[in-house]
$ cat input_27.cif   # mmCIF, C-alpha atoms
data_input
#
loop_
_atom_site.group_PDB
_atom_site.id
_atom_site.type_symbol
_atom_site.label_atom_id
_atom_site.label_comp_id
_atom_site.auth_asym_id
_atom_site.auth_seq_id
_atom_site.Cartn_x
_atom_site.Cartn_y
_atom_site.Cartn_z
ATOM 1 C CA ASP O 386 50.544 -49.980 -9.141
ATOM 2 C CA PHE O 387 51.868 -51.012 -12.545
ATOM 3 C CA GLY O 388 55.585 -50.380 -12.735
ATOM 4 C CA SER O 389 55.695 -48.415 -9.473
ATOM 5 C CA LEU O 390 58.861 -49.916 -7.987
ATOM 6 C CA PRO O 391 61.008 -49.709 -11.177
ATOM 7 C CA LEU O 392 59.675 -46.184 -11.778
ATOM 8 C CA LYS O 393 60.522 -45.004 -8.261
ATOM 9 C CA TYR O 394 63.960 -46.584 -8.580
ATOM 10 C CA TYR O 395 64.503 -44.797 -11.919
ATOM 11 C CA ILE O 396 63.479 -41.430 -10.456
ATOM 12 C CA CYS O 397 65.725 -41.924 -7.413
ATOM 13 C CA LYS O 398 68.600 -42.823 -9.743
ATOM 14 C CA LEU O 399 67.810 -39.776 -11.895
ATOM 15 C CA ASN O 400 67.719 -37.504 -8.850
ATOM 16 C CA ALA O 401 71.159 -38.740 -7.833
ATOM 17 C CA GLU O 402 72.666 -37.448 -11.081
ATOM 18 C CA LEU O 403 74.433 -34.072 -11.040
ATOM 19 C CA LEU O 404 71.996 -32.364 -13.393
ATOM 20 C CA PRO O 405 69.721 -29.326 -13.039
ATOM 21 C CA GLN O 406 66.290 -30.356 -11.741
ATOM 22 C CA GLN O 407 64.578 -29.127 -14.897
ATOM 23 C CA GLN O 408 66.805 -31.314 -17.053
ATOM 24 C CA LYS O 409 66.062 -34.357 -14.878
ATOM 25 C CA GLU O 410 62.325 -33.887 -15.247
ATOM 26 C CA VAL O 411 62.539 -33.375 -19.019
ATOM 27 C CA ARG O 412 64.604 -36.566 -19.306
ATOM 28 C CA LEU O 413 62.043 -38.471 -17.237
ATOM 29 C CA VAL O 414 59.209 -37.425 -19.557
ATOM 30 C CA GLU O 415 61.195 -38.182 -22.716
ATOM 31 C CA THR O 416 62.120 -41.640 -21.438
ATOM 32 C CA MET O 417 58.636 -42.509 -20.236
ATOM 33 C CA PHE O 418 56.933 -41.367 -23.428
ATOM 34 C CA THR O 419 59.250 -43.509 -25.518
ATOM 35 C CA VAL O 420 57.822 -46.433 -23.556
ATOM 36 C CA LEU O 421 54.210 -45.206 -23.519
ATOM 37 C CA LYS O 422 54.000 -44.839 -27.291
ATOM 38 C CA ASN O 423 55.066 -48.423 -27.847
ATOM 39 C CA ILE O 424 52.806 -50.380 -25.512
ATOM 40 C CA LYS O 425 49.168 -51.445 -25.706
ATOM 41 C CA GLU O 426 46.343 -49.322 -24.354
ATOM 42 C CA HIS O 427 45.402 -50.931 -21.025
ATOM 43 C CA VAL O 428 49.060 -51.161 -20.018
ATOM 44 C CA ARG O 429 49.770 -47.652 -21.321
ATOM 45 C CA SER O 430 46.992 -46.078 -19.231
ATOM 46 C CA ALA O 431 48.094 -47.893 -16.081
ATOM 47 C CA LEU O 432 51.696 -46.803 -16.624
ATOM 48 C CA PHE O 433 50.747 -43.181 -17.380
ATOM 49 C CA GLU O 434 48.666 -43.019 -14.200
ATOM 50 C CA ASN O 435 51.623 -44.334 -12.236
ATOM 51 C CA ILE O 436 54.111 -41.948 -13.861
ATOM 52 C CA TYR O 437 51.879 -38.979 -13.088
ATOM 53 C CA SER O 438 51.204 -39.937 -9.468
ATOM 54 C CA THR O 439 54.875 -40.791 -8.847
ATOM 55 C CA SER O 440 55.989 -37.459 -10.359
ATOM 56 C CA GLU O 441 53.513 -35.791 -8.031
ATOM 57 C CA MET O 442 54.869 -37.708 -5.047
ATOM 58 C CA PHE O 443 58.427 -36.560 -5.853
ATOM 59 C CA GLY O 444 57.267 -32.942 -6.344
ATOM 60 C CA MET O 445 58.230 -32.950 -10.034
ATOM 61 C CA ASN O 446 55.745 -30.322 -11.221
ATOM 62 C CA LEU O 447 57.458 -29.654 -14.534
ATOM 63 C CA ALA O 448 57.325 -33.366 -15.321
ATOM 64 C CA LYS O 449 53.588 -33.433 -14.582
ATOM 65 C CA ASP O 450 52.952 -30.496 -16.922
ATOM 66 C CA GLN O 451 55.177 -31.979 -19.623
ATOM 67 C CA LEU O 452 53.431 -35.340 -19.354
ATOM 68 C CA LEU O 453 50.054 -33.708 -19.960
ATOM 69 C CA ALA O 454 51.390 -31.526 -22.781
ATOM 70 C CA GLN O 455 52.987 -34.522 -24.502
ATOM 71 C CA LEU O 456 49.824 -36.546 -24.031
ATOM 72 C CA THR O 457 47.791 -33.860 -25.805
ATOM 73 C CA SER O 458 50.267 -33.059 -28.586
ATOM 74 C CA ASP O 459 50.781 -36.739 -29.452
ATOM 75 C CA ASN O 460 47.017 -37.366 -29.237
ATOM 76 C CA ILE O 461 47.553 -40.415 -27.030
ATOM 77 C CA GLU O 462 44.378 -41.814 -25.506
ATOM 78 C CA ILE O 463 44.424 -42.606 -21.805
ATOM 79 C CA VAL O 464 41.572 -44.618 -20.312
ATOM 80 C CA THR O 465 41.537 -44.440 -16.522
ATOM 81 C CA ALA O 466 38.969 -45.092 -13.810
ATOM 82 C CA ASN O 467 40.728 -42.526 -11.610
ATOM 83 C CA SER O 468 38.265 -39.614 -11.666
ATOM 84 C CA ARG O 469 40.865 -37.183 -10.288
ATOM 85 C CA LEU O 470 43.274 -37.966 -13.132
ATOM 86 C CA GLN O 471 40.413 -37.801 -15.645
ATOM 87 C CA LYS O 472 39.682 -34.260 -14.444
ATOM 88 C CA ILE O 473 43.352 -33.251 -14.567
ATOM 89 C CA ILE O 474 43.570 -34.425 -18.195
ATOM 90 C CA ALA O 475 40.237 -32.768 -19.041
ATOM 91 C CA VAL O 476 41.297 -29.402 -17.587
ATOM 92 C CA HIS O 477 44.596 -29.515 -19.472
ATOM 93 C CA LYS O 478 42.812 -30.222 -22.775
ATOM 94 C CA LEU O 479 40.300 -27.456 -22.107
ATOM 95 C CA ARG O 480 43.096 -24.954 -21.491
ATOM 96 C CA LYS O 481 44.919 -26.020 -24.649
ATOM 97 C CA ASN O 482 41.987 -26.212 -27.047
ATOM 98 C CA GLY O 483 39.692 -23.624 -25.513
ATOM 99 C CA ILE O 484 36.669 -25.573 -26.750
ATOM 100 C CA ALA O 485 34.292 -26.983 -24.143
ATOM 101 C CA PRO O 486 33.089 -30.573 -24.533
ATOM 102 C CA GLU O 487 29.489 -31.342 -25.375
ATOM 103 C CA ILE O 488 27.254 -31.609 -22.339
ATOM 104 C CA VAL O 489 25.821 -35.038 -21.584
ATOM 105 C CA GLY O 490 22.055 -34.983 -21.080
ATOM 106 C CA LEU O 491 21.115 -31.887 -23.079
ATOM 107 C CA THR O 492 18.038 -32.233 -25.284
ATOM 108 C CA SER O 493 19.364 -29.663 -27.772
ATOM 109 C CA PRO O 494 22.930 -28.636 -28.639
ATOM 110 C CA ILE O 495 24.534 -25.333 -27.697
ATOM 111 C CA LYS O 496 23.952 -22.833 -30.510
ATOM 112 C CA GLY O 497 24.444 -19.483 -28.791
ATOM 113 C CA LYS O 498 26.144 -17.829 -25.857
ATOM 114 C CA THR O 499 25.735 -20.105 -22.842
ATOM 115 C CA LEU O 500 26.303 -19.951 -19.097
ATOM 116 C CA ILE O 501 26.948 -23.327 -17.439
ATOM 117 C CA PHE O 502 26.588 -23.383 -13.658
ATOM 118 C CA PHE O 503 28.001 -26.378 -11.730
ATOM 119 C CA TYR O 504 26.689 -26.560 -8.162
ATOM 120 C CA GLU O 505 25.617 -28.650 -5.156
ATOM 121 C CA SER O 506 22.344 -28.133 -3.291
ATOM 122 C CA GLU O 507 24.067 -28.275 0.110
ATOM 123 C CA CYS O 508 26.869 -25.863 -0.857
ATOM 124 C CA GLY O 509 26.539 -22.482 0.881
ATOM 125 C CA ASN O 510 28.484 -20.522 -1.754
ATOM 126 C CA CYS O 511 26.453 -22.243 -4.463
ATOM 127 C CA THR O 512 23.242 -21.052 -2.810
ATOM 128 C CA VAL O 513 24.511 -17.461 -2.737
ATOM 129 C CA GLN O 514 25.523 -17.565 -6.407
ATOM 130 C CA MET O 515 22.330 -19.358 -7.433
ATOM 131 C CA GLU O 516 20.267 -16.608 -5.787
ATOM 132 C CA GLU O 517 22.306 -14.090 -7.766
ATOM 133 C CA LEU O 518 21.592 -16.038 -10.947
ATOM 134 C CA LEU O 519 17.859 -16.153 -10.206
ATOM 135 C CA LYS O 520 17.808 -12.433 -9.444
ATOM 136 C CA ASN O 521 19.495 -11.579 -12.748
ATOM 137 C CA TYR O 522 17.967 -14.307 -14.921
ATOM 138 C CA ALA O 523 15.493 -12.031 -16.720
ATOM 139 C CA GLU O 524 18.323 -9.726 -17.796
ATOM 140 C CA ILE O 525 20.519 -12.677 -18.790
ATOM 141 C CA GLN O 526 17.648 -14.113 -20.833
ATOM 142 C CA GLU O 527 17.079 -10.775 -22.574
ATOM 143 C CA LYS O 528 20.698 -10.866 -23.734
ATOM 144 C CA GLY O 529 20.049 -14.224 -25.385
ATOM 145 C CA ILE O 530 22.258 -16.196 -23.009
ATOM 146 C CA ARG O 531 21.209 -19.777 -22.386
ATOM 147 C CA VAL O 532 21.505 -21.013 -18.789
ATOM 148 C CA ILE O 533 22.381 -24.635 -18.006
ATOM 149 C CA THR O 534 22.687 -25.807 -14.406
ATOM 150 C CA ILE O 535 24.433 -29.091 -13.579
ATOM 151 C CA SER O 536 24.120 -30.491 -10.075
ATOM 152 C CA ALA O 537 26.493 -32.700 -8.103
ATOM 153 C CA ASP O 538 23.590 -33.952 -5.976
ATOM 154 C CA THR O 539 23.432 -37.683 -5.361
ATOM 155 C CA ASP O 540 19.932 -37.593 -3.874
ATOM 156 C CA LYS O 541 17.018 -37.094 -6.295
ATOM 157 C CA ASN O 542 14.759 -35.573 -3.646
ATOM 158 C CA ALA O 543 17.361 -32.943 -2.775
ATOM 159 C CA PHE O 544 17.904 -32.114 -6.441
ATOM 160 C CA ASP O 545 14.166 -31.892 -7.205
ATOM 161 C CA ALA O 546 13.443 -29.737 -4.149
ATOM 162 C CA ASN O 547 16.185 -27.285 -5.072
ATOM 163 C CA SER O 548 15.768 -27.137 -8.856
ATOM 164 C CA THR O 549 11.995 -27.131 -9.171
ATOM 165 C CA HIS O 550 11.839 -23.328 -8.946
ATOM 166 C CA PHE O 551 14.555 -22.694 -11.564
ATOM 167 C CA PRO O 552 12.898 -20.899 -14.501
ATOM 168 C CA TRP O 553 15.291 -22.205 -17.155
ATOM 169 C CA LYS O 554 14.778 -25.445 -19.051
ATOM 170 C CA ASP O 555 18.192 -27.095 -18.768
ATOM 171 C CA LYS O 556 18.509 -28.507 -15.230
ATOM 172 C CA LEU O 557 20.786 -31.555 -15.241
ATOM 173 C CA CYS O 558 21.799 -34.123 -12.634
ATOM 174 C CA ASP O 559 22.957 -37.722 -13.073
ATOM 175 C CA TYR O 560 23.151 -38.352 -9.285
ATOM 176 C CA LYS O 561 26.813 -39.391 -9.532
ATOM 177 C CA GLY O 562 28.171 -36.397 -7.644
ATOM 178 C CA PHE O 563 31.605 -35.176 -8.720
ATOM 179 C CA ASP O 564 32.119 -38.441 -10.609
ATOM 180 C CA GLY O 565 29.339 -37.566 -13.061
ATOM 181 C CA ASP O 566 30.244 -37.348 -16.747
ATOM 182 C CA ASN O 567 29.918 -33.576 -17.070
ATOM 183 C CA PHE O 568 31.878 -32.927 -13.861
ATOM 184 C CA ILE O 569 34.699 -35.095 -15.200
ATOM 185 C CA TYR O 570 34.642 -33.709 -18.764
ATOM 186 C CA TYR O 571 34.754 -30.135 -17.454
ATOM 187 C CA GLY O 572 37.349 -30.936 -14.775
ATOM 188 C CA ILE O 573 35.185 -29.724 -11.885
ATOM 189 C CA TYR O 574 36.881 -30.014 -8.476
ATOM 190 C CA GLY O 575 34.739 -27.589 -6.499
ATOM 191 C CA THR O 576 31.480 -25.699 -6.679
ATOM 192 C CA PRO O 577 30.254 -23.273 -7.695
ATOM 193 C CA THR O 578 32.092 -23.293 -11.017
ATOM 194 C CA ILE O 579 30.666 -21.251 -13.859
ATOM 195 C CA TYR O 580 31.644 -21.514 -17.526
ATOM 196 C CA LEU O 581 30.723 -18.916 -20.125
ATOM 197 C CA LEU O 582 30.778 -20.198 -23.730
ATOM 198 C CA ASP O 583 30.180 -18.596 -27.102
ATOM 199 C CA LYS O 584 28.016 -20.095 -29.853
ATOM 200 C CA ASP O 585 30.866 -22.382 -30.964
ATOM 201 C CA ARG O 586 31.466 -23.660 -27.398
ATOM 202 C CA LYS O 587 34.649 -21.596 -27.144
ATOM 203 C CA ILE O 588 35.393 -20.922 -23.486
ATOM 204 C CA LEU O 589 35.093 -17.198 -22.761
ATOM 205 C CA GLY O 590 35.835 -17.601 -19.057
ATOM 206 C CA VAL O 591 35.653 -19.765 -15.951
ATOM 207 C CA TYR O 592 34.398 -18.188 -12.724
ATOM 208 C CA SER O 593 33.281 -18.866 -9.164
ATOM 209 C CA ARG O 594 31.121 -15.719 -8.854
ATOM 210 C CA LEU O 595 28.543 -14.281 -11.202
ATOM 211 C CA THR O 596 29.654 -10.747 -10.385
ATOM 212 C CA ASP O 597 32.996 -11.512 -12.086
ATOM 213 C CA ILE O 598 31.285 -12.200 -15.411
ATOM 214 C CA ASN O 599 30.860 -9.311 -17.820
ATOM 215 C CA ILE O 600 27.498 -10.230 -19.324
#

$ encode --input "input_27.cif" --output "structure tokens"
Amino acid sequence: DFGSLPLKYYICKLNAELLPQQQKEVRLVETMFTVLKNIKEHVRSALFENIYSTSEMFGMNLAKDQLLAQLTSDNIEIVTANSRLQKIIAVHKLRKNGIAPEIVGLTSPIKGKTLIFFYESECGNCTVQMEELLKNYAEIQEKGIRVITISADTDKNAFDANSTHFPWKDKLCDYKGFDGDNFIYYGIYGTPTIYLLDKDRKILGVYSRLTDINI
């Protein structure tokens, strides 16, 4: 809760001013980033986390977006144990750069068009989409598209029982659920989530259904 009371007081004071809401939120971000850029890392991350969550609490959506944009443009590193905030930052960077992060646990790097399927074994929609993937896998393979499945399972037996019949090589699970490295780096909140990448890991699309993908 670093700086929470002074921050809330500042926002309340700012809200009391006779300014357009947009101008208030821009001023908040400008003021906070002046501070963020001049303090050490562990304090900076704690303060950023608090600024973001407090902006969210006050419904300051423009401020939230501006905070993330400023974070990316100034290349400021934020180290947080808050997996939700990690995913929010990851998604923002993905949208800005359009380049997917490297996948943790792969035995060989991505070198061609690739379909990444995030799922859970106990997820009904995941099962439906996985059956669709299995049904169309031969055609997908013929088109030279690599398939990588990444599970949010936390139980090894459940993962093994479900993935043993997958015909593709890349079947990943670190048994950390939605707090796993790949789920955080790709900003995954729900499953199924499907990424389609080109040979340079450029994101061609993000989907929840295979039928929406033009492959």

$ resolve_selection --input "input_27.cif" --expression "the PyMOL selection byres ((chain O and resi 571) around 8)" --output "list in words"
Lys472, Ala475, Val476, Leu479, Ala485, Pro486, Asn567, Phe568, Ile569, Tyr570, Gly572 and Ile573 of chain O

$ atom_distance --input "input_27.cif" --atom1 "CA of Ile488 in chain O" --atom2 "CA of Ala546 in chain O"
22.9 Å

$ closest_residue --input "input_27.cif" --among "O:Tyr592, O:Phe443, O:Phe503, O:Phe563" --to "Tyr394 in chain O" --atoms "only C-alpha atoms"
O:Phe443

$ atom_distance --input "input_27.cif" --atom1 "CA of Leu456 in chain O" --atom2 "CA of Ile588 in chain O"
21.3 Å

$ closest_residue --input "input_27.cif" --among "O:Ile579, O:Cys397, O:Leu432, O:Leu392" --to "Val591 in chain O" --atoms "all atoms listed in the file"
O:Ile579
